[in-house]
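Chemist: Pasting a structure below so you can have a look.
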Amino acid sequence: MDITIIAQALIQGLMLGAIYGLIGLGITMVYAITGLLNFAHGDFMAIAMYLCLALFTHFNMDPYLSSLIAVPALFVLGLMVYHFLFRRVLKAELLMVVQLTLGMVFIIESSLLLTFTADYESVPNILHAVRFSLGPLSVSGSYLATFLVGGGAGAALYWVLQKTDLGRQIRAISQNKDAATLMGINTTRIQMIVFALAIALLGLSGSLTTSILTMEPYMGLELTLFAFIVFVMGGVGNFLGTLVAGYLLGIADAMGSLFIGGHLGAMVPYGLFVLLLLFRPQGILGAK
Amino acid sequence: MMGENSRTDIKIYLGLLVLLIVLLLLPTRLSITWTRTFAMVFLFIYWASAWNIIGGMAGEINFLHPIFIGAGAYSSTVLYINFGVSPWVGMFLGAAIAVVLGLVIGWICYRSGLPHLSFALICLGFSHIGEIIALEWDLLGGSRGLVIRPAPGLANMQFETISTYYYMGLGMAVLMVGICHWISRNKLGYYLKAIKHNETASAAIGIDTVRYRLLALAVSAFFCALGGTFYAQLVLYIDPHSAVSITAVISMILFCAIGGFGTVLGPVVGTLILMPIGEVVRLYVMTGFHLIIYGVLVIVVILLSPHGLVPWFQSRMKKTQEESPA
Amino acid sequence: MLVSVQDITAGYGSVTVIKNISLEVDRGEWVAVIGGNGAGKSTLFRVISGLVRPRSGKIYFEGRELTALPPHEIVNKGIIQVPEGRMLFPKMNVIDNLLLGGRNRRARNNVNESLKKVYDLFPILEKRASQEAGTLSGGEQQMLATARGLMALPRVLLLDEPSLGLAPLMVREIFNSLQILNKEGMTILMVEQNVVVSLKNAERAYVLENGEIVMSGSSKDLINDDRTKQAYLGI
Ligand SMILES: Nc1ncnc2c1ncn2[C@@H]1O[C@H](COP(=O)(O)OP(=O)(O)O)[C@@H](O)[C@H]1O
Ligand SMILES: [Mg+2]
């Protein structure tokens with residue numbers, strides 16, 4: 001086997017992994033402080049991508065520029081969805097939350113279908129045609145940007161969680177909500193902000209990947225599945241584990257598509273996940 | 001107490017009987033399109049009820065059903081097209097495959113005591129893999145799918161008139177609801193309820209939780225697969241998108257959610273309300289819009305009456321009876 | 001009166017746990033509420049802190065009503081609870097726990113002085129500063145919980161069973177520190193099952209039984225009261 005192909009796959013995997021880690025981190029944060037599992041998570045990334053598509057077709061706007069609109073727009077959308085829906089099911093059983101968010105999946109996916117048709121789409125960005133090479137290896141500029149910005153955002157968020165007052169509040173709520181309240185933390189507000197932040201991260205991920213991932217209205221559920229897989233692989237609720245799992249899954253994904261290819265190659269990440277769950281059900285960094 | 005309960009029951013049974021009579025007479029008044037639609041509604045009542053055995057009664061987030069339905073649809077169709085085997089026979093191969101797949105996946109997952117979410121993800125992963133196999137395997141027709149040549153005849157499970165499908169679907173739905181009713185009144189039903197409520201405590205009082213969950217899954221898989229064959233014969237065309245469909249299982253979950261999870265009549269009520277509304281919207285407003293309606297209705301019902309319409313209705317009936325003990 | 005609880009009735013769901021409770025705490029006082037397991041002591045504290053909404057009744061702090069405020073605003077007013085079972089953040093180190101204690105609006109500009117002060121009071125915490133709270137011994141955990149409460153610059157400190165699960169020696173050490181604080185002017189309202197320790201330390205006490213106050217008075221009077229002797233001191 002050619003070593004450059006492996007290296008190429010590794011590089012590509014790391015770049016996808018940065019995005020998987022980022023969308024997984026959103027799920028992990030929301031779960032840690034609300035206990036909610038959002039099956040429509042990935043659909044919000046689809047919304048962001050289609051927003052970029054619309055801005056591109058109508059105003060010829062570069063997706064990187066569109067992120068300046070998509071991120072705040074998704075933050076506000078997140079605030080609204082939390083306020084009108086999620087807040088009301090905080091104490092409900094898991095199954096009910098699953099139903100509610102599956103209902104949202106239908107609403108978002110069908111709305112996208114009706115607005116944009118079922119055609120496969122992608123939006124090029126300014127770096128798409130630029131290629132950077134190092135010896136025999138070469139990557140497209142948009143992959144590199146995705147890795148740097150997405151990976152950077154993941155690392156920055158991790159730093160916020162570990163080192164800042166906001167992060168300390170989030171971790172406090174996740175470890176003991178009542179105690180956090182007794183510290184004077186406005187838990188309701190933090191929950192809402194974190195949910196919106198998780199959705200805003202999807203705005204960023206979506207704007208970064210319009211040229212890398214193919215858009216179609218039903219893409220959300222598969223993204224959600226990947227985000228959940230990263231969330232579980234990292235060891236439910238473990239922030240660092242989520243980021244690591246993101247990269248692992250990205251590499252598995254890239255290896256699968258480069259060495260096996262097609263639909264069969266797409267099965268590799270699931271295979272990795274099933275194996276991991278069978279042999280290490282608590283996840284990579286999860287405690288027993 | 002006892003008397004009131006049985007009076008409520010009698011009212012419900014009478015209501016169901018009237019509904020059944022209406023449904024039996026309905027095809028004489030329906031257009032072909034609507035007769036076909038109702039055959040599909042019955043199929044979904046049947047499927048949603050079968051899903052409800054493992055999903056609602058045992059309380060797990062189970063997404064394996066696209067595989068089960070696909071196993072049924074593809075087995076009977078492949079056998080019929082390539083070897084001329086009657087779907088009446090082929091459907092049992094499909095059911096057997098579904099049961100074996102369900103038991104293997106279930107056995108691995110239940111034994112290791114995976115949490116709900118991990119299990120749901122594994123199910124989604126397997127359903128995805130099932131879809132990919134259907135796409136990749138030439139025998140199954142790949143993305144172009146398989147077309148069943150029309151050849152009406154009882155042996156081919158194909159009928160001249162669409163109302164025959166209607167009655168067959170109605171019969172299957174009634175049968176499935178009967179089975180669910182029977183399960184809910186028997187040991188399996190009680191055990192599933194206990195497991196749903198608290199799996200650890202159920203194991204502690206001596207319930208073999210793995211065994212009963214597997215049993216429920218096997219029953220659910222078996223009947224879903226048979227429904228898959230019926231679907232193929234009704235539509236005479238299957239492809240990975242329609243026969244191994246995650247959208248279909250989500251629809252079933254939402255139908256159960258609206259009607260009432262784990263209740264016998266929940267899937268019936270939920271499907272009977274949502275699907276015809278969805279169909280009207282699909283025909284007269286816009287195709288694709290019906291899923292939005294499903295989603296909105298589910299959210300509204302969950303916010304207003306979290307346990308679904310059947311439990312809500314039952315508690316209302318009890319209340320009015322307590323107020324007027326006539 | 002600094003704190004005035006008036007006719008509070010509260011519970012969970014359809015169950016009523018405390019009924020028509022009234023009590024008062026004056027500035028600088030140390031008041032105890034004593035009662036057995038399940039009497040409703042923690043519920044009373046959860047109502048004062050705003051974690052449980054009362055069905056009826058009102059709570060005043062410096063003459064202003066607290067009952068409608070959200071919990072974090074109650075903390076911002078200086079009503080600080082050290083909850084039962086310590087409720088530390090087990091996966092955070094000692095410093096992070098203390099910093100969280102000191103992040104409310106009144107306390108946040110004073111964090112460095114507060115840290116110095118609690119380290120003076122509980123020197124062992126400084127040694128354990130970077131250790132995870134979950135790995136501390138029971139006594140150290142109670143010290144950390146108390147210190148975390150002090151970081152919030154309490155104007156009244158609510159202590160829920162500070163002696164729970166501690167060895168007698170450790171109980172003495174904790175209460176010595178509390179005595180120092182009270183001498184310096186700290187107002188303390190404490191609930192306890194340990195009647196002897198309570199009446200030895202607090203100036204006044206209320207006796208809670210099945211969610212109702214059945215007796216109250218100065219600690220001296222209560223110690224000498226025949227009913228208390230029989231029911232609680234086993235003399
Ligand atoms: N979260 C809760 N939900 C329902 N009942 C509770 C809850 N917390 C406490 N209780 C009940 O309220 C009663 C009083 O509890 P609590 O206030 O903790 O008493 P204490 O602190 O005096 O031991 C107990 O019977 C307990 O079972
Ligand atoms: Mg208590």
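To be explicit about the labels: the chains of the structure tokens are called A, B, and onward in the order shown, and within each one the residues are counted from 1, while ligands get numbers from 1 in the order they are shown.
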Taking only C-alpha atoms and all ligand atoms into account, report as a PyMOL selection string which residues have an atom no farther than 9 Å from an atom of ligand 2.
Modeler: chain C and resi 36-43+45+83-85+160-161+191-193
Chemist: Apply DSSP to the structure's backbone, then extract all residues of range 90-212 of chain A labelled strand (DSSP E or B) and return them as a list of chain:residue names.
Modeler: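 Of range 90-212 of chain A, the ones in strand (DSSP E or B) are A:Glu121, A:Arg131, A:Phe132, A:Ser133, A:Leu134, A:Leu137, A:Ser138, A:Val139, A:Ser140.
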Chemist: List the neighbours of Pro63 in chain A out to 6 Å using only C-alpha atoms; skip same-chain residues closer than 5 positions along the sequence, and give me the result as a count of residues only.
Modeler: 3
Chemist: Could you give me the residues within range 62-173 of chain B that DSSP places in alpha helix (DSSP H), as a PyMOL selection string?
Modeler: chain B and resi 65-83+87-111+116-136+162-173
Chemist: Just give me the gap between CA of Ser163 in chain C and CA of Glu140 in chain C in Å, one decimal is fine.
Modeler: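 Calculated distance between CA of Ser163 in chain C and CA of Glu140 in chain C is 12.3 Å.
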Chemist: Quick one: pull the distance between CA of Leu36 in chain A and CA of Gly56 in chain B, Å, one decimal.
Modeler: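 Going from CA of Leu36 in chain A over to CA of Gly56 in chain B covers 19.7 Å.
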Chemist: What are the residues of chain A that have an atom within 9 Å of an atom of chain C, counting only C-alpha atoms, as a PyMOL selection string?
Modeler: chain A and resi 165+168-169+171-173+175-176+178-187
Chemist: At a cut-off of 8 Å, which residues of chain A touch chain B? Count only C-alpha atoms and give the answer as a compact mmCIF listing (two decimals) with all heavy atoms, in the first residue's frame.
Modeler:
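Dumped everything to result.txt:
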# COMPACT_ATOMS: atom_id res chain seq x y z
N ARG A 88 -39.54 23.29 27.67
CA ARG A 88 -40.76 22.68 28.18
C ARG A 88 -40.64 21.18 28.41
O ARG A 88 -41.52 20.57 28.99
CB ARG A 88 -41.93 22.94 27.23
CG ARG A 88 -42.27 24.40 27.17
CD ARG A 88 -43.11 24.70 25.94
NE ARG A 88 -42.94 26.09 25.57
CZ ARG A 88 -43.67 27.08 26.06
NH1 ARG A 88 -44.64 26.83 26.90
NH2 ARG A 88 -43.43 28.32 25.71
N VAL A 89 -39.60 20.56 27.87
CA VAL A 89 -39.48 19.11 28.05
C VAL A 89 -38.26 18.74 28.88
O VAL A 89 -37.81 17.60 28.87
CB VAL A 89 -39.44 18.36 26.69
CG1 VAL A 89 -40.78 18.45 26.01
CG2 VAL A 89 -38.34 18.89 25.81
N LEU A 95 -37.65 9.31 26.04
CA LEU A 95 -38.40 8.90 24.85
C LEU A 95 -39.22 10.05 24.28
O LEU A 95 -39.36 10.21 23.07
CB LEU A 95 -39.31 7.73 25.22
CG LEU A 95 -39.56 6.69 24.14
CD1 LEU A 95 -38.25 6.10 23.65
CD2 LEU A 95 -40.43 5.57 24.68
N MET A 96 -39.75 10.88 25.19
CA MET A 96 -40.57 12.00 24.75
C MET A 96 -39.73 13.05 24.04
O MET A 96 -40.16 13.64 23.05
CB MET A 96 -41.24 12.60 25.96
CG MET A 96 -42.72 12.52 25.90
SD MET A 96 -43.33 12.93 27.51
CE MET A 96 -43.96 11.37 28.00
N GLN A 99 -39.07 11.83 20.61
CA GLN A 99 -40.21 12.05 19.71
C GLN A 99 -40.29 13.49 19.27
O GLN A 99 -40.49 13.80 18.09
CB GLN A 99 -41.52 11.72 20.42
CG GLN A 99 -41.70 10.28 20.78
CD GLN A 99 -42.63 10.15 21.95
OE1 GLN A 99 -43.57 10.92 22.10
NE2 GLN A 99 -42.38 9.19 22.81
N LEU A 100 -40.15 14.39 20.24
CA LEU A 100 -40.24 15.82 19.93
C LEU A 100 -39.21 16.20 18.88
O LEU A 100 -39.51 16.88 17.89
CB LEU A 100 -40.02 16.64 21.19
CG LEU A 100 -40.16 18.14 21.03
CD1 LEU A 100 -41.58 18.56 21.35
CD2 LEU A 100 -39.19 18.89 21.90
N LEU A 102 -37.60 14.21 16.83
CA LEU A 102 -37.86 13.55 15.55
C LEU A 102 -38.92 14.32 14.77
O LEU A 102 -38.87 14.42 13.55
CB LEU A 102 -38.30 12.10 15.77
CG LEU A 102 -37.21 11.12 16.19
CD1 LEU A 102 -37.80 9.74 16.47
CD2 LEU A 102 -36.12 11.01 15.13
N GLY A 103 -39.89 14.87 15.50
CA GLY A 103 -40.88 15.73 14.86
C GLY A 103 -40.19 16.93 14.19
O GLY A 103 -40.51 17.29 13.06
N MET A 104 -39.20 17.49 14.89
CA MET A 104 -38.46 18.61 14.31
C MET A 104 -37.68 18.18 13.07
O MET A 104 -37.55 18.95 12.12
CB MET A 104 -37.50 19.20 15.34
CG MET A 104 -38.21 20.05 16.37
SD MET A 104 -37.14 20.48 17.76
CE MET A 104 -35.78 21.20 16.93
N VAL A 105 -37.14 16.95 13.10
CA VAL A 105 -36.43 16.43 11.93
C VAL A 105 -37.33 16.50 10.70
O VAL A 105 -36.94 17.00 9.65
CB VAL A 105 -35.96 14.98 12.17
CG1 VAL A 105 -35.45 14.35 10.88
CG2 VAL A 105 -34.90 14.92 13.25
N PHE A 106 -38.56 15.99 10.86
CA PHE A 106 -39.50 16.00 9.74
C PHE A 106 -39.76 17.43 9.26
O PHE A 106 -39.80 17.70 8.06
CB PHE A 106 -40.82 15.33 10.14
CG PHE A 106 -40.84 13.86 9.88
CD1 PHE A 106 -39.67 13.17 9.60
CD2 PHE A 106 -42.04 13.15 9.89
CE1 PHE A 106 -39.68 11.81 9.35
CE2 PHE A 106 -42.06 11.78 9.63
CZ PHE A 106 -40.88 11.12 9.37
N ILE A 107 -39.99 18.32 10.21
CA ILE A 107 -40.33 19.70 9.84
C ILE A 107 -39.17 20.34 9.07
O ILE A 107 -39.37 20.91 7.99
CB ILE A 107 -40.64 20.54 11.11
CG1 ILE A 107 -41.90 20.00 11.78
CG2 ILE A 107 -40.82 22.01 10.74
CD1 ILE A 107 -42.23 20.68 13.08
N ILE A 108 -37.96 20.21 9.61
CA ILE A 108 -36.81 20.88 8.97
C ILE A 108 -36.51 20.25 7.62
O ILE A 108 -36.37 20.94 6.60
CB ILE A 108 -35.57 20.83 9.88
CG1 ILE A 108 -35.83 21.61 11.18
CG2 ILE A 108 -34.36 21.41 9.16
CD1 ILE A 108 -34.72 21.51 12.18
N SER A 110 -38.36 18.45 5.57
CA SER A 110 -39.36 18.68 4.53
C SER A 110 -39.38 20.13 4.10
O SER A 110 -39.61 20.43 2.93
CB SER A 110 -40.74 18.27 5.04
OG SER A 110 -40.70 16.93 5.46
N SER A 111 -39.15 21.05 5.06
CA SER A 111 -39.10 22.46 4.68
C SER A 111 -37.96 22.69 3.71
O SER A 111 -38.10 23.42 2.71
CB SER A 111 -38.93 23.35 5.90
OG SER A 111 -39.95 23.10 6.82
N LEU A 113 -36.65 20.51 1.74
CA LEU A 113 -37.00 19.86 0.48
C LEU A 113 -37.92 20.75 -0.36
O LEU A 113 -37.73 20.93 -1.56
CB LEU A 113 -37.69 18.52 0.77
CG LEU A 113 -38.20 17.77 -0.45
CD1 LEU A 113 -37.04 17.18 -1.22
CD2 LEU A 113 -39.17 16.67 -0.04
N LEU A 114 -38.93 21.32 0.31
CA LEU A 114 -39.90 22.13 -0.42
C LEU A 114 -39.26 23.43 -0.91
O LEU A 114 -39.62 23.95 -1.96
CB LEU A 114 -41.11 22.44 0.46
CG LEU A 114 -41.95 21.22 0.83
CD1 LEU A 114 -43.12 21.62 1.71
CD2 LEU A 114 -42.46 20.51 -0.42
N LEU A 225 -26.46 11.50 13.52
CA LEU A 225 -25.95 10.19 13.88
C LEU A 225 -24.45 10.26 14.15
O LEU A 225 -23.96 9.74 15.15
CB LEU A 225 -26.26 9.23 12.72
CG LEU A 225 -25.96 7.75 12.94
CD1 LEU A 225 -26.63 7.26 14.20
CD2 LEU A 225 -26.45 6.95 11.74
N PHE A 228 -23.84 12.06 17.43
CA PHE A 228 -24.14 11.20 18.58
C PHE A 228 -23.06 10.14 18.75
O PHE A 228 -22.69 9.78 19.87
CB PHE A 228 -25.50 10.52 18.39
CG PHE A 228 -26.65 11.34 18.90
CD1 PHE A 228 -27.81 11.44 18.16
CD2 PHE A 228 -26.57 12.01 20.10
CE1 PHE A 228 -28.88 12.20 18.62
CE2 PHE A 228 -27.63 12.77 20.57
CZ PHE A 228 -28.79 12.86 19.82
N ILE A 229 -22.59 9.60 17.62
CA ILE A 229 -21.55 8.57 17.70
C ILE A 229 -20.30 9.16 18.37
O ILE A 229 -19.71 8.56 19.27
CB ILE A 229 -21.24 8.02 16.30
CG1 ILE A 229 -22.39 7.11 15.84
CG2 ILE A 229 -19.93 7.26 16.29
CD1 ILE A 229 -22.22 6.55 14.45
N VAL A 232 -21.00 9.55 22.10
CA VAL A 232 -20.94 8.31 22.86
C VAL A 232 -19.51 7.76 22.89
O VAL A 232 -19.02 7.32 23.93
CB VAL A 232 -21.90 7.26 22.29
CG1 VAL A 232 -21.71 5.91 22.96
CG2 VAL A 232 -23.34 7.71 22.45
N HIS A 263 -20.48 3.28 -1.28
CA HIS A 263 -21.35 3.08 -0.13
C HIS A 263 -20.73 2.18 0.91
O HIS A 263 -20.93 2.35 2.11
CB HIS A 263 -22.68 2.48 -0.59
CG HIS A 263 -23.47 3.41 -1.44
ND1 HIS A 263 -23.95 4.60 -0.96
CD2 HIS A 263 -23.86 3.34 -2.73
CE1 HIS A 263 -24.61 5.22 -1.93
NE2 HIS A 263 -24.57 4.48 -3.02
N LEU A 264 -19.97 1.18 0.44
CA LEU A 264 -19.37 0.24 1.41
C LEU A 264 -18.36 0.95 2.29
O LEU A 264 -18.30 0.72 3.50
CB LEU A 264 -18.71 -0.92 0.66
CG LEU A 264 -19.67 -1.93 0.08
CD1 LEU A 264 -18.91 -3.00 -0.70
CD2 LEU A 264 -20.49 -2.59 1.18
N MET A 267 -19.51 2.62 5.36
CA MET A 267 -19.88 1.80 6.52
C MET A 267 -18.78 1.73 7.57
O MET A 267 -19.03 1.38 8.72
CB MET A 267 -20.24 0.38 6.07
CG MET A 267 -21.64 0.28 5.51
SD MET A 267 -22.00 -1.24 4.62
CE MET A 267 -21.35 -2.49 5.69
N TYR A 270 -19.28 3.35 11.05
CA TYR A 270 -20.25 2.62 11.88
C TYR A 270 -19.64 1.37 12.45
O TYR A 270 -19.87 1.01 13.61
CB TYR A 270 -21.50 2.27 11.07
CG TYR A 270 -22.20 3.46 10.50
CD1 TYR A 270 -22.21 3.70 9.14
CD2 TYR A 270 -22.83 4.37 11.34
CE1 TYR A 270 -22.84 4.81 8.61
CE2 TYR A 270 -23.45 5.49 10.82
CZ TYR A 270 -23.46 5.70 9.46
OH TYR A 270 -24.06 6.81 8.96
N VAL A 274 -19.48 0.37 16.34
CA VAL A 274 -20.04 -0.85 16.93
C VAL A 274 -18.96 -1.61 17.68
O VAL A 274 -19.15 -2.05 18.82
CB VAL A 274 -20.67 -1.73 15.83
CG1 VAL A 274 -21.07 -3.08 16.40
CG2 VAL A 274 -21.89 -1.05 15.24
N LEU A 277 -18.16 0.12 20.96
CA LEU A 277 -19.20 -0.04 21.98
C LEU A 277 -19.15 -1.44 22.58
O LEU A 277 -19.42 -1.62 23.76
CB LEU A 277 -20.58 0.20 21.38
CG LEU A 277 -21.07 1.63 21.41
CD1 LEU A 277 -22.52 1.68 21.01
CD2 LEU A 277 -20.90 2.23 22.79
N LEU A 278 -18.83 -2.42 21.74
CA LEU A 278 -18.82 -3.78 22.26
C LEU A 278 -17.64 -4.00 23.20
O LEU A 278 -17.76 -4.72 24.19
CB LEU A 278 -18.78 -4.79 21.11
CG LEU A 278 -20.06 -4.79 20.28
CD1 LEU A 278 -19.99 -5.83 19.17
CD2 LEU A 278 -21.28 -5.06 21.17
N PRO A 281 -17.66 -0.02 26.17
CA PRO A 281 -18.95 0.66 26.13
C PRO A 281 -18.93 2.03 26.80
O PRO A 281 -19.80 2.86 26.55
CB PRO A 281 -19.90 -0.29 26.86
CG PRO A 281 -19.08 -1.37 27.42
CD PRO A 281 -17.72 -1.33 26.84
Chemist: Could you tell me how far CA of Leu16 in chain A sits from CA of Leu65 in chain A, in Å to one decimal place?
Modeler: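 We find that CA of Leu65 in chain A and CA of Leu16 in chain A lie 20.6 Å from each other.
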Chemist: Need to verify the contact set: range 246-257 of chain A, 7 Å, only C-alpha atoms, exclusion of same-chain residues closer than 6 positions in sequence. Can you return it as a PyMOL selection string?
Modeler: chain A and resi 9-10+12-14+16-18+20-21+230+265-266+268-269
Chemist: Would you list the contacts of Ala95 in chain B as a ChimeraX atom specification, taking every protein, DNA or RNA residue within 10 Å and counting only C-alpha atoms, but skipping same-chain residues closer than 2 positions in sequence?
Modeler: /B:68-69,71-73,75-76,90-93,97-101,218-219,221-229
Chemist: Nearest to ligand 1 among C:Ala129, C:Ala145, C:Leu208, C:Leu158, with distances taken over only C-alpha atoms and all ligand atoms: which residue is it?
Modeler: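 Ranked by minimum distance to ligand 1, first place goes to C:Leu208.
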